[in-house]
Amino acid sequence: MFTKQLMIRAPRRGLHMVTDDVAQAVRESGVDTGICNVFIRHTSASLTINENADPTAREDLEVFLDHIAPENEPYYRHTLEGPDDMPSHIKSSLTDSSVNIPVLKGELALGTWQGLYLCEHREQPSARSIIVSVF
Amino acid sequence: MFTKQLMIRAPRRGLHMVTDDVAQAVRESGVDTGICNVFIRHTSASLTINENADPTAREDLEVFLDHIAPENEPYYRHTLEGPDDMPSHIKSSLTDSSVNIPVLKGELALGTWQGLYLCEHREQPSARSIIVSVF
Amino acid sequence: MFTKQLMIRAPRRGLHMVTDDVAQAVRESGVDTGICNVFIRHTSASLTINENADPTAREDLEVFLDHIAPENEPYYRHTLEGPDDMPSHIKSSLTDSSVNIPVLKGELALGTWQGLYLCEHREQPSARSIIVSVF
């Protein structure tokens, strides 16, 4: 079991490609055929696999998440950490804390159009701890 | 591959922390560095990782799921098992049937604020079969 | 690590059971106790585990996804590939690119009512590459 911790700070709220960071860890692992697990150790940032080519796909997905989990819903009671906090938790549960990607021939076996996003849901991004395990 | 079946009945509909039950299974496994997979064998209850400290975060997430997948939508056709059944299936697909958490130094490598929830979507909770695999 | 690629074309847009295809790969693997990872290499089709018995549960879940991620939202900017494309990406992130199912006694340890769906979100289905890894 190869494990590596990545610390990644998104430049701003939104969805950011981290495929290359994870691909680099897979190469370091030396695993030829296996699985790469990526786990984010936070509840206001998350992971998802989606379209890697057109930045507007990422932006539309972000706007969708804002629509579905808006700030300042009257029923929110968990409001102490700011208006972007409870929506961040909701978005984290709708997307993923953990993704598993097959490794074939020593590389992530993503489809042509797939990329891995770090989803930073807070207005003030912080460095996010991501554990990559390859086996 | 260490495997253990947990049978957990939530005290009521809603989101319930089961981190300790899974952490105990990880300790029993004796695995030092690896992955813990948690799988729930049901389609009207599910799993998700989210905020472990403030109970209102759990409650707000539950209310969000009720908002997004309400009972008695006029388009529901799968209604034979009661008004809470189809929303339960929807909520199960929006959250997780299966989560993977890294194991480091013999413990779940969750972030400081992360906990694992059993999401019981039915009004009448039943004992839920959860398989924990550690490797 | 046993790996097998399945190529599956859904007969139409919607949710389609592929449990048997994956169960067959598990039997081919010869693994007795382990994990089966299923990964779809696309961003407009996805996977989810849900109710395996009543076709209306599948249909209601599909209608729910259409409600929550409708076509032609005025804020969509990623529209070049047709009105069903951006909703497909959203639905893919709400459901799963990758699922993990325990293997016990050489079989998928699904619950009685659980099945694995291929979720085809495009109007014109294409053959989808699905990688099954068993370990």
# chains A, B, ... in the order shown; residues from 1 in each chain; ligands from 1
>>> interface_residues(of="chain B", to="chain A", cutoff="7 Å", atoms="only C-alpha atoms", output="number ranges by chain")
B: 33-34, 48-51, 56-57, 60-61, 94-95, 99-101, 110-111, 113-114
>>> residues_around(residues="Leu15 (chain A)", least_positions_apart="2", cutoff="12 Å", atoms="only C-alpha atoms", output="NGL selection string")
:A and (9-13 or 17-18 or 45-52 or 55-65 or 91 or 95 or 115-122 or 125)
>>> write_last_selection(atoms="N, CA and C atoms", output="short mmCIF file (atom, residue, chain, number, x, y, z; two decimals), in the first residue's frame")
data_model
loop_
_atom_site.label_atom_id
_atom_site.label_comp_id
_atom_site.auth_asym_id
_atom_site.auth_seq_id
_atom_site.Cartn_x
_atom_site.Cartn_y
_atom_site.Cartn_z
N ARG A 9 -4.05 23.91 -2.09
CA ARG A 9 -4.90 25.07 -1.84
C ARG A 9 -5.45 25.56 -3.17
N ALA A 10 -6.76 25.52 -3.32
CA ALA A 10 -7.38 26.02 -4.55
C ALA A 10 -7.20 27.53 -4.62
N PRO A 11 -7.05 28.07 -5.82
CA PRO A 11 -6.84 29.52 -5.94
C PRO A 11 -8.08 30.32 -5.55
N ARG A 12 -9.25 29.69 -5.63
CA ARG A 12 -10.50 30.39 -5.29
C ARG A 12 -11.59 29.33 -5.12
N ARG A 13 -12.73 29.75 -4.56
CA ARG A 13 -13.91 28.88 -4.49
C ARG A 13 -14.21 28.33 -5.87
N MET A 17 -8.99 21.32 -11.26
CA MET A 17 -8.44 20.04 -11.69
C MET A 17 -7.20 19.67 -10.87
N VAL A 18 -7.19 18.46 -10.33
CA VAL A 18 -6.01 17.97 -9.62
C VAL A 18 -5.53 16.63 -10.18
N ALA A 45 -14.95 20.79 1.56
CA ALA A 45 -14.31 20.64 0.25
C ALA A 45 -14.47 19.17 -0.11
N SER A 46 -14.51 18.87 -1.40
CA SER A 46 -14.79 17.49 -1.80
C SER A 46 -14.12 17.18 -3.12
N LEU A 47 -14.40 15.99 -3.63
CA LEU A 47 -13.83 15.53 -4.88
C LEU A 47 -14.95 15.12 -5.82
N THR A 48 -14.71 15.21 -7.11
CA THR A 48 -15.62 14.58 -8.08
C THR A 48 -14.86 14.40 -9.38
N ILE A 49 -15.29 13.42 -10.14
CA ILE A 49 -14.73 13.19 -11.48
C ILE A 49 -15.70 13.78 -12.48
N ASN A 50 -15.19 14.62 -13.39
CA ASN A 50 -16.08 15.15 -14.43
C ASN A 50 -15.25 15.63 -15.62
N GLU A 51 -15.89 16.35 -16.49
CA GLU A 51 -15.37 16.76 -17.80
C GLU A 51 -14.07 17.56 -17.66
N ASN A 52 -13.04 17.16 -18.39
CA ASN A 52 -11.72 17.75 -18.18
C ASN A 52 -11.32 18.81 -19.20
N PRO A 55 -13.69 24.49 -19.61
CA PRO A 55 -13.85 25.10 -18.29
C PRO A 55 -15.29 25.48 -17.97
N THR A 56 -16.12 25.71 -18.99
CA THR A 56 -17.51 26.09 -18.70
C THR A 56 -18.30 24.92 -18.10
N ALA A 57 -17.89 23.69 -18.38
CA ALA A 57 -18.56 22.55 -17.74
C ALA A 57 -18.34 22.61 -16.24
N ARG A 58 -17.11 22.89 -15.84
CA ARG A 58 -16.79 23.03 -14.42
C ARG A 58 -17.59 24.17 -13.79
N GLU A 59 -17.64 25.30 -14.51
CA GLU A 59 -18.34 26.47 -13.98
C GLU A 59 -19.85 26.20 -13.85
N ASP A 60 -20.42 25.53 -14.85
CA ASP A 60 -21.86 25.22 -14.78
C ASP A 60 -22.15 24.27 -13.63
N LEU A 61 -21.28 23.31 -13.40
CA LEU A 61 -21.48 22.38 -12.28
C LEU A 61 -21.42 23.14 -10.96
N GLU A 62 -20.50 24.09 -10.88
CA GLU A 62 -20.41 24.90 -9.67
C GLU A 62 -21.69 25.72 -9.46
N VAL A 63 -22.19 26.34 -10.53
CA VAL A 63 -23.42 27.13 -10.41
C VAL A 63 -24.60 26.23 -10.04
N PHE A 64 -24.63 25.03 -10.62
CA PHE A 64 -25.67 24.07 -10.23
C PHE A 64 -25.64 23.81 -8.73
N LEU A 65 -24.45 23.57 -8.20
CA LEU A 65 -24.34 23.29 -6.75
C LEU A 65 -24.79 24.50 -5.93
N LYS A 91 -22.87 20.28 -0.26
CA LYS A 91 -22.20 19.98 -1.53
C LYS A 91 -21.20 18.84 -1.37
N THR A 95 -21.35 15.39 -3.62
CA THR A 95 -20.22 14.92 -4.43
C THR A 95 -19.50 13.84 -3.61
N GLY A 115 -11.57 14.06 -15.69
CA GLY A 115 -10.56 14.66 -14.83
C GLY A 115 -11.05 14.60 -13.39
N LEU A 116 -10.10 14.69 -12.45
CA LEU A 116 -10.47 14.71 -11.04
C LEU A 116 -10.45 16.15 -10.55
N TYR A 117 -11.56 16.59 -9.94
CA TYR A 117 -11.65 17.95 -9.43
C TYR A 117 -11.51 17.95 -7.90
N LEU A 118 -10.79 18.91 -7.41
CA LEU A 118 -10.94 19.35 -6.02
C LEU A 118 -12.05 20.40 -6.01
N CYS A 119 -13.09 20.16 -5.24
CA CYS A 119 -14.22 21.09 -5.15
C CYS A 119 -14.05 21.90 -3.87
N GLU A 120 -13.65 23.13 -4.01
CA GLU A 120 -13.46 24.03 -2.86
C GLU A 120 -14.74 24.82 -2.68
N HIS A 121 -15.47 24.54 -1.58
CA HIS A 121 -16.79 25.13 -1.41
C HIS A 121 -16.76 26.40 -0.54
N ARG A 122 -15.63 26.70 0.09
CA ARG A 122 -15.56 27.89 0.95
C ARG A 122 -15.03 29.08 0.17
N PRO A 125 -10.39 29.78 0.50
CA PRO A 125 -9.79 28.44 0.43
C PRO A 125 -8.65 28.28 1.44
#
>>> select_by_dssp(residues="chain C", states="strand (DSSP E)", output="PyMOL selection string")
chain C and resi 2-8+14-17+34-40+45-51+98-104+107-108+114-120+128-134
>>> select_by_dssp(residues="chain A", states="helix (DSSP H, G or I)", output="PyMOL selection string")
chain A and resi 19-29+55-68+85-94
>>> atom_distance(atom1="CA of Asp21 (chain B)", atom2="CA of Ile35 (chain B)")
15.9 Å
>>> closest_residue(among="B:Gln5, B:Thr112, B:Ser88, B:Gln124", to="Ala25 (chain B)", atoms="only C-alpha atoms")
B:Gln5
>>> atom_distance(atom1="CA of Val103 (chain C)", atom2="CA of Asp32 (chain C)")
6.7 Å
>>> atom_distance(atom1="CA of Glu107 (chain A)", atom2="CA of Ala23 (chain A)")
6.8 Å
>>> closest_residue(among="A:His16, A:Gln24, A:Ile8, A:Glu123", to="Glu81 (chain A)", atoms="only C-alpha atoms")
A:Glu123
>>> decode(residues="region 45-90 of chain B", atoms="N, CA and C atoms", output="JSON list (two decimals), in the first residue's frame")
[["chain", "number", "residue", "atom", "x", "y", "z"],
["B", 45, "ALA", "N", -31.44, 3.26, 3.07],
["B", 45, "ALA", "CA", -30.52, 3.80, 4.07],
["B", 45, "ALA", "C", -29.18, 3.91, 3.37],
["B", 46, "SER", "N", -28.34, 4.84, 3.81],
["B", 46, "SER", "CA", -27.09, 5.05, 3.09],
["B", 46, "SER", "C", -26.01, 5.56, 4.03],
["B", 47, "LEU", "N", -24.86, 5.90, 3.48],
["B", 47, "LEU", "CA", -23.72, 6.38, 4.24],
["B", 47, "LEU", "C", -23.29, 7.73, 3.69],
["B", 48, "THR", "N", -22.70, 8.56, 4.52],
["B", 48, "THR", "CA", -21.99, 9.73, 4.02],
["B", 48, "THR", "C", -21.02, 10.18, 5.09],
["B", 49, "ILE", "N", -19.97, 10.84, 4.64],
["B", 49, "ILE", "CA", -19.00, 11.43, 5.56],
["B", 49, "ILE", "C", -19.31, 12.91, 5.66],
["B", 50, "ASN", "N", -19.44, 13.44, 6.89],
["B", 50, "ASN", "CA", -19.66, 14.87, 7.03],
["B", 50, "ASN", "C", -19.28, 15.32, 8.44],
["B", 51, "GLU", "N", -19.67, 16.49, 8.78],
["B", 51, "GLU", "CA", -19.25, 17.22, 9.99],
["B", 51, "GLU", "C", -19.60, 16.43, 11.26],
["B", 52, "ASN", "N", -18.61, 16.26, 12.14],
["B", 52, "ASN", "CA", -18.83, 15.36, 13.28],
["B", 52, "ASN", "C", -19.11, 16.06, 14.61],
["B", 53, "ALA", "N", -19.09, 17.40, 14.61],
["B", 53, "ALA", "CA", -19.10, 18.08, 15.91],
["B", 53, "ALA", "C", -20.47, 18.68, 16.26],
["B", 54, "ASP", "N", -21.06, 19.39, 15.33],
["B", 54, "ASP", "CA", -22.28, 20.14, 15.63],
["B", 54, "ASP", "C", -23.50, 19.36, 15.14],
["B", 55, "PRO", "N", -24.37, 18.92, 16.05],
["B", 55, "PRO", "CA", -25.55, 18.15, 15.62],
["B", 55, "PRO", "C", -26.44, 18.91, 14.64],
["B", 56, "THR", "N", -26.41, 20.25, 14.67],
["B", 56, "THR", "CA", -27.27, 20.99, 13.73],
["B", 56, "THR", "C", -26.80, 20.82, 12.29],
["B", 57, "ALA", "N", -25.52, 20.54, 12.07],
["B", 57, "ALA", "CA", -25.06, 20.29, 10.70],
["B", 57, "ALA", "C", -25.74, 19.03, 10.15],
["B", 58, "ARG", "N", -25.80, 18.00, 11.00],
["B", 58, "ARG", "CA", -26.48, 16.76, 10.61],
["B", 58, "ARG", "C", -27.96, 17.02, 10.34],
["B", 59, "GLU", "N", -28.58, 17.80, 11.21],
["B", 59, "GLU", "CA", -30.02, 18.06, 11.06],
["B", 59, "GLU", "C", -30.29, 18.89, 9.80],
["B", 60, "ASP", "N", -29.44, 19.87, 9.54],
["B", 60, "ASP", "CA", -29.64, 20.69, 8.33],
["B", 60, "ASP", "C", -29.47, 19.84, 7.07],
["B", 61, "LEU", "N", -28.52, 18.93, 7.10],
["B", 61, "LEU", "CA", -28.31, 18.06, 5.93],
["B", 61, "LEU", "C", -29.54, 17.18, 5.73],
["B", 62, "GLU", "N", -30.10, 16.70, 6.83],
["B", 62, "GLU", "CA", -31.32, 15.89, 6.73],
["B", 62, "GLU", "C", -32.48, 16.71, 6.14],
["B", 63, "VAL", "N", -32.64, 17.94, 6.62],
["B", 63, "VAL", "CA", -33.72, 18.78, 6.10],
["B", 63, "VAL", "C", -33.48, 19.08, 4.61],
["B", 64, "PHE", "N", -32.23, 19.32, 4.26],
["B", 64, "PHE", "CA", -31.91, 19.53, 2.84],
["B", 64, "PHE", "C", -32.38, 18.33, 2.00],
["B", 65, "LEU", "N", -32.07, 17.13, 2.46],
["B", 65, "LEU", "CA", -32.46, 15.93, 1.70],
["B", 65, "LEU", "C", -33.99, 15.83, 1.61],
["B", 66, "ASP", "N", -34.68, 16.22, 2.69],
["B", 66, "ASP", "CA", -36.16, 16.22, 2.65],
["B", 66, "ASP", "C", -36.68, 17.24, 1.65],
["B", 67, "HIS", "N", -36.00, 18.40, 1.57],
["B", 67, "HIS", "CA", -36.42, 19.44, 0.62],
["B", 67, "HIS", "C", -36.24, 18.97, -0.82],
["B", 68, "ILE", "N", -35.09, 18.34, -1.08],
["B", 68, "ILE", "CA", -34.73, 18.02, -2.45],
["B", 68, "ILE", "C", -35.47, 16.78, -2.95],
["B", 69, "ALA", "N", -35.82, 15.89, -2.03],
["B", 69, "ALA", "CA", -36.53, 14.66, -2.39],
["B", 69, "ALA", "C", -37.75, 14.52, -1.48],
["B", 70, "PRO", "N", -38.76, 15.38, -1.69],
["B", 70, "PRO", "CA", -39.92, 15.38, -0.79],
["B", 70, "PRO", "C", -40.80, 14.14, -1.00],
["B", 71, "GLU", "N", -41.61, 13.88, -0.02],
["B", 71, "GLU", "CA", -42.61, 12.81, -0.15],
["B", 71, "GLU", "C", -43.73, 13.28, -1.06],
["B", 72, "ASN", "N", -44.43, 12.30, -1.64],
["B", 72, "ASN", "CA", -45.67, 12.56, -2.39],
["B", 72, "ASN", "C", -45.50, 13.44, -3.62],
["B", 73, "GLU", "N", -44.33, 13.39, -4.26],
["B", 73, "GLU", "CA", -44.19, 14.08, -5.54],
["B", 73, "GLU", "C", -45.19, 13.46, -6.52],
["B", 74, "PRO", "N", -45.92, 14.30, -7.27],
["B", 74, "PRO", "CA", -46.96, 13.72, -8.15],
["B", 74, "PRO", "C", -46.41, 12.76, -9.20],
["B", 75, "TYR", "N", -45.13, 12.86, -9.54],
["B", 75, "TYR", "CA", -44.59, 11.97, -10.58],
["B", 75, "TYR", "C", -44.14, 10.61, -10.04],
["B", 76, "TYR", "N", -44.09, 10.43, -8.72],
["B", 76, "TYR", "CA", -43.67, 9.13, -8.19],
["B", 76, "TYR", "C", -44.65, 8.05, -8.59],
["B", 77, "ARG", "N", -44.15, 6.95, -9.09],
["B", 77, "ARG", "CA", -45.00, 5.78, -9.38],
["B", 77, "ARG", "C", -44.68, 4.63, -8.44],
["B", 78, "HIS", "N", -43.48, 4.67, -7.81],
["B", 78, "HIS", "CA", -43.06, 3.62, -6.87],
["B", 78, "HIS", "C", -43.54, 4.02, -5.47],
["B", 79, "THR", "N", -44.82, 3.77, -5.19],
["B", 79, "THR", "CA", -45.45, 4.30, -3.97],
["B", 79, "THR", "C", -46.01, 3.21, -3.06],
["B", 80, "LEU", "N", -45.87, 1.96, -3.48],
["B", 80, "LEU", "CA", -46.51, 0.85, -2.76],
["B", 80, "LEU", "C", -46.00, 0.69, -1.33],
["B", 81, "GLU", "N", -44.73, 1.07, -1.10],
["B", 81, "GLU", "CA", -44.15, 0.83, 0.22],
["B", 81, "GLU", "C", -44.22, 2.06, 1.13],
["B", 82, "GLY", "N", -45.09, 3.01, 0.77],
["B", 82, "GLY", "CA", -45.29, 4.17, 1.64],
["B", 82, "GLY", "C", -44.63, 5.42, 1.11],
["B", 83, "PRO", "N", -45.08, 6.58, 1.62],
["B", 83, "PRO", "CA", -44.61, 7.87, 1.08],
["B", 83, "PRO", "C", -43.13, 8.15, 1.34],
["B", 84, "ASP", "N", -42.52, 7.47, 2.33],
["B", 84, "ASP", "CA", -41.11, 7.72, 2.64],
["B", 84, "ASP", "C", -40.18, 6.81, 1.84],
["B", 85, "ASP", "N", -40.73, 5.91, 1.02],
["B", 85, "ASP", "CA", -39.88, 4.91, 0.37],
["B", 85, "ASP", "C", -39.13, 5.45, -0.84],
["B", 86, "MET", "N", -39.86, 6.05, -1.79],
["B", 86, "MET", "CA", -39.18, 6.56, -2.99],
["B", 86, "MET", "C", -38.19, 7.67, -2.63],
["B", 87, "PRO", "N", -38.57, 8.64, -1.75],
["B", 87, "PRO", "CA", -37.55, 9.60, -1.30],
["B", 87, "PRO", "C", -36.31, 8.91, -0.71],
["B", 88, "SER", "N", -36.51, 7.80, -0.02],
["B", 88, "SER", "CA", -35.37, 7.07, 0.56],
["B", 88, "SER", "C", -34.42, 6.56, -0.53],
["B", 89, "HIS", "N", -35.00, 6.04, -1.59],
["B", 89, "HIS", "CA", -34.15, 5.55, -2.69],
["B", 89, "HIS", "C", -33.36, 6.71, -3.31],
["B", 90, "ILE", "N", -34.05, 7.83, -3.52],
["B", 90, "ILE", "CA", -33.37, 8.99, -4.12],
["B", 90, "ILE", "C", -32.23, 9.45, -3.23]]
